[in-house]
>>> print(open('coords33.txt').read())   # compact mmCIF, C-alpha atoms
# COMPACT_ATOMS: atom_id res chain seq x y z
CA MET A 128 -2.39 3.40 -25.66
CA ALA A 129 -0.17 4.87 -23.05
CA LYS A 130 -2.23 5.54 -19.99
CA PHE A 131 -1.18 7.69 -17.10
CA MET A 132 -2.41 9.16 -13.85
CA LEU A 133 -1.10 10.96 -10.79
CA GLY A 134 -2.04 10.06 -7.26
CA ARG A 135 -1.09 9.96 -3.65
CA LYS A 136 -0.58 6.81 -1.66
CA ALA A 137 -3.43 6.36 0.82
CA GLY A 138 -2.15 3.16 2.42
CA MET A 139 -2.36 -0.59 2.23
CA THR A 140 -5.02 -3.10 3.12
CA GLN A 141 -6.24 -6.41 1.78
CA VAL A 142 -9.25 -7.59 -0.16
CA PHE A 143 -10.68 -10.96 -1.07
CA ASP A 144 -10.82 -12.22 -4.64
CA GLU A 145 -13.62 -14.33 -6.06
CA ASN A 146 -12.01 -17.50 -4.69
CA GLY A 147 -11.88 -16.04 -1.22
CA SER A 148 -8.10 -15.67 -1.28
CA VAL A 149 -6.60 -12.60 0.32
CA ILE A 150 -4.80 -10.19 -1.96
CA PRO A 151 -2.62 -7.41 -0.53
CA VAL A 152 -3.46 -4.09 -2.12
CA THR A 153 -2.39 -0.46 -2.06
CA VAL A 154 -5.00 2.25 -2.29
CA ILE A 155 -3.99 5.33 -4.29
CA ALA A 156 -6.03 8.50 -4.12
CA CYS A 157 -6.24 9.82 -7.68
CA ASP A 158 -7.94 13.14 -8.06
CA PRO A 159 -8.49 14.13 -11.69
CA VAL A 160 -5.58 15.62 -13.61
CA THR A 161 -5.86 18.61 -15.91
CA VAL A 162 -4.15 18.66 -19.28
CA LEU A 163 -1.91 21.69 -19.66
CA GLN A 164 -0.04 21.16 -22.87
CA ASN A 165 0.63 18.73 -25.66
CA LYS A 166 4.20 18.18 -26.69
CA THR A 167 4.72 17.16 -30.26
CA VAL A 168 7.61 15.95 -32.35
CA GLU A 169 7.47 19.06 -34.53
CA THR A 170 7.74 21.58 -31.73
CA ASP A 171 9.50 19.70 -28.97
CA GLY A 172 11.22 16.77 -30.60
CA TYR A 173 9.16 14.22 -28.69
CA CYS A 174 5.54 13.68 -27.91
CA ALA A 175 4.09 13.82 -24.46
CA VAL A 176 1.34 15.43 -22.48
CA ARG A 177 1.85 17.77 -19.58
CA VAL A 178 -0.67 17.62 -16.78
CA GLY A 179 -1.35 19.44 -13.52
CA TYR A 180 -2.51 17.87 -10.31
CA GLU A 181 -3.88 19.14 -7.00
CA GLU A 182 -5.25 22.64 -6.93
CA TYR A 183 -3.82 25.07 -4.43
CA LYS A 184 -6.16 25.66 -1.55
CA ASP A 185 -5.99 29.43 -1.58
CA THR A 186 -7.28 31.25 -4.57
CA GLU A 187 -4.70 33.41 -6.16
CA LYS A 188 -5.25 37.13 -6.02
CA GLU A 189 -4.41 39.06 -9.13
CA THR A 190 -0.99 40.44 -8.37
CA LYS A 191 0.74 43.35 -10.01
CA LYS A 192 4.26 43.03 -11.21
CA ASP A 193 5.73 42.70 -7.82
CA THR A 194 8.68 45.01 -7.69
CA ALA A 195 7.16 46.63 -4.65
CA LYS A 196 7.07 43.38 -2.74
CA THR A 197 9.69 42.45 -0.23
CA LYS A 198 11.68 39.28 -0.62
CA LYS A 199 9.76 37.74 2.24
CA GLU A 200 6.40 38.46 0.69
CA ARG A 201 7.42 36.94 -2.59
CA LYS A 202 8.64 33.84 -0.82
CA LYS A 203 5.34 33.50 0.97
CA GLU A 204 3.49 33.85 -2.27
CA ARG A 205 5.60 31.19 -3.91
CA ARG A 206 4.79 28.79 -1.17
CA LYS A 207 1.10 29.49 -1.47
CA PHE A 208 0.68 29.41 -5.23
CA GLY A 209 3.97 28.31 -6.70
CA SER A 210 6.49 30.38 -8.60
CA ARG A 211 5.44 32.83 -11.29
CA PRO A 212 6.65 30.65 -14.19
CA HIS A 213 4.76 27.76 -12.59
CA ARG A 214 1.58 29.81 -12.32
CA GLY A 215 1.95 31.08 -15.85
CA GLN A 216 1.35 27.62 -17.26
CA PHE A 217 -2.06 27.53 -15.67
CA LYS A 218 -2.90 31.10 -16.45
CA LYS A 219 -2.27 30.45 -20.12
CA ILE A 220 -5.13 28.01 -20.38
CA GLY A 221 -7.21 29.64 -17.68
CA VAL A 222 -7.44 26.99 -14.97
CA LYS A 223 -6.72 27.14 -11.26
CA THR A 224 -3.09 26.84 -10.28
CA MET A 225 -2.05 23.40 -9.20
CA ARG A 226 0.75 22.13 -7.05
CA VAL A 227 2.18 19.45 -9.30
CA ILE A 228 3.12 19.47 -12.96
CA ARG A 229 4.18 16.24 -14.58
CA GLU A 230 4.77 14.99 -18.08
CA PHE A 231 3.88 11.63 -19.52
CA ARG A 232 5.04 10.18 -22.82
CA THR A 233 2.09 9.49 -25.07
CA ASP A 234 1.17 9.73 -28.73
CA GLU A 235 -2.31 10.92 -28.03
CA GLU A 236 -3.36 14.52 -28.23
CA TYR A 237 -5.46 15.97 -25.49
CA GLU A 238 -7.37 19.18 -25.20
CA PRO A 239 -5.58 21.70 -22.96
CA GLY A 240 -7.84 22.23 -19.98
CA GLN A 241 -9.33 18.78 -20.32
CA VAL A 242 -9.94 17.09 -16.98
CA ILE A 243 -9.17 13.38 -16.83
CA SER A 244 -10.27 11.17 -13.97
CA VAL A 245 -9.02 7.70 -13.10
CA ASN A 246 -11.89 5.73 -14.53
CA GLU A 247 -11.33 7.28 -17.94
CA MET A 248 -7.75 6.02 -17.88
CA PHE A 249 -7.63 2.72 -16.10
CA GLU A 250 -9.88 -0.23 -15.51
CA ALA A 251 -9.58 -3.31 -13.34
CA GLY A 252 -7.17 -5.81 -14.83
CA ASP A 253 -4.77 -3.29 -16.34
CA ALA A 254 -1.06 -3.73 -15.70
CA VAL A 255 0.68 -0.60 -14.48
CA ASP A 256 4.05 0.72 -13.38
CA VAL A 257 4.04 2.94 -10.33
CA SER A 258 6.82 5.45 -9.65
CA GLY A 259 7.39 7.44 -6.52
CA THR A 260 9.99 8.62 -4.07
CA SER A 261 10.95 5.89 -1.63
CA LYS A 262 11.05 6.40 2.11
CA GLY A 263 14.33 7.94 3.22
CA LYS A 264 16.50 5.80 5.46
CA GLY A 265 19.31 8.30 5.94
CA TYR A 266 23.03 7.60 5.69
CA SER A 267 23.39 3.83 5.87
CA GLY A 268 26.24 1.39 5.90
CA ALA A 269 27.12 -1.02 3.12
CA ILE A 270 25.41 -3.94 4.84
CA ARG A 271 22.03 -2.30 5.05
CA ARG A 272 22.36 -0.37 1.82
CA HIS A 273 23.79 -3.02 -0.47
CA GLY A 274 23.16 -6.24 1.41
CA MET A 275 26.84 -7.01 1.97
CA ARG A 276 27.90 -9.60 4.52
CA ARG A 277 29.44 -8.65 7.79
CA GLY A 278 32.71 -9.99 9.21
CA PRO A 279 33.03 -12.11 12.37
CA ARG A 280 32.10 -10.34 15.58
CA THR A 281 34.62 -12.18 17.76
CA HIS A 282 37.71 -14.38 17.57
CA GLY A 283 39.94 -11.35 17.49
CA SER A 284 38.28 -9.99 14.38
CA LYS A 285 38.39 -6.28 13.92
CA TYR A 286 36.48 -6.46 10.66
CA HIS A 287 32.83 -6.09 11.52
CA ARG A 288 30.60 -4.08 9.22
CA LYS A 289 33.03 -2.56 6.74
CA ALA A 290 32.43 -2.30 3.03
CA GLY A 291 35.15 -4.78 2.13
CA PRO A 292 38.35 -4.16 0.18
CA MET A 293 38.15 -1.10 -2.03
CA SER A 294 40.11 -2.54 -4.91
CA SER A 295 43.28 -4.41 -5.86
CA ALA A 296 46.74 -3.01 -5.25
CA ALA A 297 49.19 -2.25 -8.04
CA THR A 298 46.60 -2.77 -10.77
CA PRO A 299 44.38 -0.88 -11.11
CA ALA A 300 45.76 1.18 -8.19
CA ARG A 301 42.47 3.06 -7.91
CA VAL A 302 38.92 2.49 -6.78
CA PHE A 303 36.43 1.83 -9.55
CA LYS A 304 33.56 4.19 -9.92
CA GLY A 305 30.33 2.84 -8.57
CA LYS A 306 32.00 0.86 -5.78
CA LYS A 307 29.31 0.00 -3.26
CA LEU A 308 29.89 2.14 -0.21
CA PRO A 309 27.89 3.63 2.63
CA GLY A 310 25.71 6.60 1.77
CA GLN A 311 22.18 7.89 1.48
CA LEU A 312 19.66 5.07 1.36
CA GLY A 313 16.15 5.65 0.12
CA TYR A 314 14.50 8.93 -0.79
CA LYS A 315 15.10 8.39 -4.44
CA ARG A 316 12.89 7.64 -7.37
CA VAL A 317 11.74 4.05 -7.47
CA THR A 318 9.49 2.32 -9.98
CA VAL A 319 7.57 -0.85 -9.30
CA GLN A 320 6.67 -2.55 -12.55
CA ASN A 321 3.75 -4.64 -13.66
CA LEU A 322 1.28 -4.25 -10.83
CA SER A 323 -2.26 -5.21 -11.65
CA VAL A 324 -5.15 -2.86 -11.09
CA VAL A 325 -7.72 -4.42 -8.80
CA GLN A 326 -10.35 -1.72 -8.65
CA VAL A 327 -11.03 1.73 -10.04
CA ASP A 328 -13.50 4.15 -8.52
CA GLY A 329 -14.24 7.17 -10.68
CA GLU A 330 -16.77 8.63 -8.28
CA ARG A 331 -14.60 8.73 -5.21
CA ASN A 332 -11.43 8.95 -7.27
CA PHE A 333 -9.21 6.16 -6.15
CA LEU A 334 -7.29 3.30 -7.63
CA VAL A 335 -6.48 -0.03 -6.01
CA VAL A 336 -3.42 -1.93 -7.17
CA LYS A 337 -2.12 -5.29 -6.09
CA GLY A 338 1.10 -5.17 -4.11
CA ALA A 339 3.23 -2.43 -2.63
CA VAL A 340 4.24 0.91 -4.10
CA PRO A 341 7.20 3.15 -3.16
CA GLY A 342 7.10 5.90 -0.59
CA PRO A 343 5.21 6.95 2.51
CA LYS A 344 1.49 7.51 2.82
CA GLY A 345 0.67 10.77 1.11
CA GLY A 346 3.62 10.42 -1.25
CA LEU A 347 3.12 11.47 -4.86
CA LEU A 348 2.90 8.62 -7.35
CA GLU A 349 2.98 8.41 -11.12
CA ILE A 350 0.95 5.59 -12.56
CA ARG A 351 1.59 4.54 -16.13
CA SER A 352 0.70 1.54 -18.25
CA THR A 353 3.45 -0.98 -17.84
CA VAL A 354 6.46 -1.29 -20.08
CA LYS A 355 6.60 -4.99 -19.28
CA THR A 356 3.98 -7.35 -20.65
CA LYS A 357 1.49 -6.16 -23.17
CA LYS A 358 -1.69 -7.11 -21.40
CA LYS A 359 -4.92 -6.28 -23.08
CA MET B 272 -12.06 10.97 2.81
CA ASP B 273 -10.85 7.72 4.23
CA TYR B 274 -9.87 5.80 1.13
CA ILE B 275 -8.90 2.66 3.01
CA LYS B 276 -12.34 2.46 4.58
CA ALA B 277 -13.98 3.04 1.23
CA VAL B 278 -12.13 0.05 -0.20
CA GLU B 279 -12.75 -2.23 2.77
CA GLN B 280 -16.40 -1.38 3.28
CA PRO B 281 -17.93 -3.69 0.65
CA TYR B 282 -15.88 -6.63 1.92
CA LEU B 283 -16.77 -6.33 5.58
CA ARG B 284 -18.93 -9.09 7.00
CA ASP B 285 -19.79 -10.33 10.45
CA HIS B 286 -16.80 -10.01 12.74
CA TYR B 287 -18.12 -12.59 15.24
CA GLU B 288 -18.04 -10.57 18.41
CA ASN B 289 -19.21 -13.55 20.42
CA VAL B 290 -16.16 -15.61 19.49
CA GLU B 291 -13.73 -15.12 22.36
CA ILE B 292 -10.38 -16.53 23.37
CA GLY B 293 -10.65 -20.02 24.84
CA ASP B 294 -13.97 -20.81 23.20
CA ARG B 295 -14.61 -24.13 21.59
CA VAL B 296 -15.88 -23.36 18.10
CA ASN B 297 -17.06 -24.91 14.87
CA VAL B 298 -15.79 -23.04 11.82
CA HIS B 299 -17.83 -23.74 8.71
CA LEU B 300 -15.75 -23.42 5.58
CA ARG B 301 -16.84 -23.34 2.00
CA ILE B 302 -14.70 -25.76 0.01
CA THR B 303 -14.84 -25.78 -3.77
CA GLU B 304 -13.77 -28.99 -5.47
CA GLY B 305 -13.95 -28.47 -9.19
CA SER B 306 -17.48 -27.31 -9.71
CA ARG B 307 -18.89 -28.85 -6.54
CA GLU B 308 -19.19 -26.91 -3.37
CA ARG B 309 -19.46 -28.27 0.13
CA ILE B 310 -19.13 -27.16 3.69
CA GLN B 311 -16.31 -28.40 5.87
CA VAL B 312 -16.34 -27.97 9.61
CA PHE B 313 -13.20 -27.33 11.62
CA GLU B 314 -13.67 -27.74 15.34
CA GLY B 315 -11.16 -26.41 17.83
CA THR B 316 -10.23 -23.94 20.54
CA VAL B 317 -9.76 -20.26 19.77
CA ILE B 318 -6.23 -19.47 20.92
CA GLY B 319 -5.94 -15.96 19.54
CA ARG B 320 -7.54 -13.10 17.70
CA LYS B 321 -5.48 -10.63 15.78
CA GLY B 322 -5.85 -7.59 13.57
CA ALA B 323 -8.69 -5.17 13.13
CA GLY B 324 -11.27 -4.38 10.50
CA LEU B 325 -10.99 -6.41 7.35
CA ASN B 326 -7.67 -7.88 8.44
CA GLU B 327 -8.99 -9.52 11.58
CA THR B 328 -8.20 -13.22 12.00
CA VAL B 329 -8.83 -15.96 14.55
CA THR B 330 -6.44 -18.79 15.25
CA VAL B 331 -8.15 -22.08 16.02
CA ARG B 332 -6.26 -25.06 17.43
CA ARG B 333 -7.27 -28.66 17.61
CA VAL B 334 -5.48 -31.93 18.16
CA ALA B 335 -6.29 -34.36 15.37
CA TYR B 336 -4.99 -37.95 15.62
CA GLY B 337 -2.34 -36.84 18.09
CA VAL B 338 -1.12 -34.04 15.87
CA GLY B 339 -1.71 -30.42 16.79
CA VAL B 340 -3.35 -28.47 13.98
CA GLU B 341 -3.74 -24.70 13.98
CA ARG B 342 -5.58 -22.78 11.33
CA VAL B 343 -5.84 -19.04 10.92
CA PHE B 344 -9.13 -17.79 9.51
CA PRO B 345 -9.66 -14.28 8.19
CA LEU B 346 -12.99 -13.39 9.77
CA HIS B 347 -14.26 -11.51 6.76
CA SER B 348 -13.25 -14.13 4.24
CA PRO B 349 -16.11 -15.28 2.02
CA LYS B 350 -14.83 -18.81 2.61
CA VAL B 351 -15.84 -18.67 6.25
CA VAL B 352 -19.56 -19.36 6.19
CA LYS B 353 -20.18 -19.14 9.91
CA ILE B 354 -18.60 -19.77 13.28
CA ASP B 355 -20.56 -21.53 15.99
CA VAL B 356 -19.57 -21.25 19.63
CA LEU B 357 -19.97 -24.65 21.27
CA ARG B 358 -18.60 -23.84 24.69
CA LYS B 359 -17.27 -20.69 26.32
CA GLY B 360 -13.80 -20.91 27.83
CA ARG B 361 -12.56 -19.41 31.07
CA VAL B 362 -9.12 -18.01 30.39
CA ARG B 363 -6.93 -15.28 31.78
CA ARG B 364 -4.89 -14.27 28.80
CA ALA B 365 -5.38 -13.07 25.26
CA LYS B 366 -3.24 -15.66 23.52
CA LEU B 367 -3.33 -19.31 24.58
CA PHE B 368 0.00 -20.34 23.07
CA TYR B 369 0.80 -22.30 26.22
CA LEU B 370 -1.63 -24.94 24.99
CA ARG B 371 0.93 -25.90 22.35
CA ASP B 372 3.25 -27.28 25.00
CA ARG B 373 0.57 -29.29 26.72
CA VAL B 374 -0.86 -32.68 25.90
CA GLY B 375 -4.00 -34.50 26.92
CA LYS B 376 -5.78 -33.44 30.06
CA ALA B 377 -3.40 -30.55 30.69
CA ALA B 378 -4.39 -29.00 27.36
CA ARG B 379 -7.96 -28.36 28.42
CA VAL B 380 -9.56 -24.98 28.92
CA ARG B 381 -11.96 -24.54 31.81
CA GLU B 382 -15.51 -23.78 30.86
CA LYS B 383 -17.01 -20.43 31.65
CA LEU B 384 -20.37 -21.10 33.20
CA PRO B 385 -23.01 -18.40 33.22
CA THR B 386 -23.60 -18.98 36.95
CA SER B 387 -19.94 -18.76 37.91
CA ASN B 388 -19.72 -14.97 37.74
CA LYS B 389 -21.69 -13.83 40.73
>>> encode(input="coords33.txt", output="C-alpha cells")
Amino acid sequence: MAKFMLGRKAGMTQVFDENGSVIPVTVIACDPVTVLQNKTVETDGYCAVRVGYEEYKDTEKETKKDTAKTKKERKKERRKFGSRPHRGQFKKIGVKTMRVIREFRTDEEYEPGQVISVNEMFEAGDAVDVSGTSKGKGYSGAIRRHGMRRGPRTHGSKYHRKAGPMSSAATPARVFKGKKLPGQLGYKRVTVQNLSVVQVDGERNFLVVKGAVPGPKGGLLEIRSTVKTKKK
Amino acid sequence: MDYIKAVEQPYLRDHYENVEIGDRVNVHLRITEGSRERIQVFEGTVIGRKGAGLNETVTVRRVAYGVGVERVFPLHSPKVVKIDVLRKGRVRRAKLFYLRDRVGKAARVREKLPTSNK
C-alpha cells in the first residue's frame, strides 16, 4: 500500500531508544489532508490521489464574476485564497480552500472530501521517503557546489578555485553538456530515502522520523512509503 | 503548538541542577550485559555542561591508572540512574579544559566550602 502525507518541518531534536541510545530525529507537523480527487487509468492514464493541505485562514466570501474588480484587488484575493482555478477544486467537493494541492501515486481509491490524518497512514517502524525543497545557498562556486578540489594558493599559482579545464582541445572542440560549473546551489527538490518512522501522534498531528530531512523549518514536505526496501 | 516540546516532554527526566562545574561526582550507569543488569559508577570531576533541554550533557573527567578518561553523559538518558555530588568545586570558569594539560597535584580543583562565602 502506497502511503502518503504532507507536512511541515518543525525541527530536529533527539530521543532515546529502549537501549538508552540517542537517536537524532526530525519532527514533522502533519495536519490532516483532504482528498480532492481520484485519478484513474481510464480517465487520466495513471492512478493517483490528489489531496489538499492547510486551510486558508480567511474564509472566502462569495464573489461575483469579478470583471468589476481592479487588477490589484484580484491580486490580493489570489494571495488570500489562491487563484480561481485553485479554489474551484475545493468548491467542487464543498470543502474549505486550502493552500497546497499535491498528488500522490497510489492504487487505492479514496472518497473525495475524506480527511486523512497521520495515524491513519503511518505507524512507528514504517520506512518512508521524504521530499522537500532544500535550503537555498545562492550562486556557488564549483568547489562548494560539486566538491571539486582547489588549486595551490601559493608558489606562483594563479589557479585557485576554478572549475578546472572545460574540455579537450581539437576533439571534441566543445564543452559537454552537464559540465560541473558554478551556479545556483540548493533550493531544489531533494528526496531523502528510507527514513524510519519513530513515532506518530494522531492527536497532536505530528510525525517523528529518524535522521534529517531537506529544507528549512516550516518547509513543506511530502512523505511517502519508501521505494527502497519493502519493510513490513 | 510547539512540536519539539511535545516530542521531548515524555523523555525529560531530572536535569541535576545541583551538579555544577568543578564538582566531584559519582555517575551511576545502568549497564546491560546480556540479560543481566548492573550499576556501574564513574567517579570524576565535572569539567563542562552543554546543551539545553533533552540534549543537555555533562562531561566528567577522571584520571584512571595514569590515563585521562573523559565521558560525556546525556543527562536525560535512561542509562544514567543518578548522579551524586561528592564534593563541590570552587572554579572560575564554565569549562575546565585546562585540567587536561595538568597532572597530579596541579590538576586539583579547590573545594567550595559552605563557610567560605561570607
>>> closest_atom_pairs(input="coords33.txt", of="chain B", to="chain A", cutoff="9 Å", atoms="only C-alpha atoms", output="CSV")
residue,atom,partner,partner_atom,distance
B:Met272,CA,A:Arg331,CA,8.7
B:Asp273,CA,A:Ala137,CA,8.3
B:Tyr274,CA,A:Ala137,CA,6.5
B:Ile275,CA,A:Val154,CA,6.6
B:Ala277,CA,A:Arg331,CA,8.6
B:Val278,CA,A:Val154,CA,7.7
B:Glu279,CA,A:Val142,CA,7.0
B:Tyr282,CA,A:Val142,CA,7.0
B:Thr303,CA,A:Asn146,CA,8.8
B:Leu325,CA,A:Gln141,CA,7.3
B:Asn326,CA,A:Gln141,CA,7.0
B:Pro345,CA,A:Val149,CA,8.6
B:His347,CA,A:Phe143,CA,8.6
B:Ser348,CA,A:Gly147,CA,5.9
B:Pro349,CA,A:Gly147,CA,5.4
B:Lys350,CA,A:Gly147,CA,5.6
B:Val351,CA,A:Gly147,CA,8.9
>>> atom_distance(input="coords33.txt", atom1="atom CA of A:Ser261", atom2="atom CA of B:Gly322")
26.4 Å
>>> atom_distance(input="coords33.txt", atom1="atom CA of A:Gly134", atom2="atom CA of A:Ile150")
21.1 Å
>>> residues_around(input="coords33.txt", residues="B:Ala365", least_positions_apart="6", cutoff="8 Å", atoms="only C-alpha atoms", output="PDB file with C-alpha atoms, in the frame of the given file")
ATOM      1  CA  ILE B 292     -10.380 -16.530  23.370  1.00  0.00           C
ATOM      2  CA  ILE B 318      -6.230 -19.470  20.920  1.00  0.00           C
ATOM      3  CA  GLY B 319      -5.940 -15.960  19.540  1.00  0.00           C
ATOM      4  CA  ARG B 320      -7.540 -13.100  17.700  1.00  0.00           C
TER       5      ARG B 320
END
>>> residues_near_point(input="coords33.txt", point="(-9.3, -21.4, 31.0)", cutoff="10 Å", atoms="all atoms listed in the file", output="PyMOL selection string")
chain B and resi 292-294+359-364+367+378-383
>>> residues_near_point(input="coords33.txt", point="(21.3, -4.7, 1.7)", cutoff="12 Å", atoms="all atoms listed in the file", output="PyMOL selection string")
chain A and resi 267-277+288+290+307-309+312-313
>>> residues_around(input="coords33.txt", residues="B:Ile354", least_positions_apart="3", cutoff="12 Å", atoms="all atoms listed in the file", output="NGL selection string")
:B and (285-291 or 294-301 or 311-317 or 329 or 331 or 344-348 or 350-351 or 357)
>>> atom_distance(input="coords33.txt", atom1="atom CA of A:Pro341", atom2="atom CA of B:Pro281")
26.3 Å
>>> closest_residue(input="coords33.txt", among="A:Ser352, A:Arg205, A:Leu133, A:Val162", to="A:Tyr237", atoms="all atoms listed in the file")
A:Val162
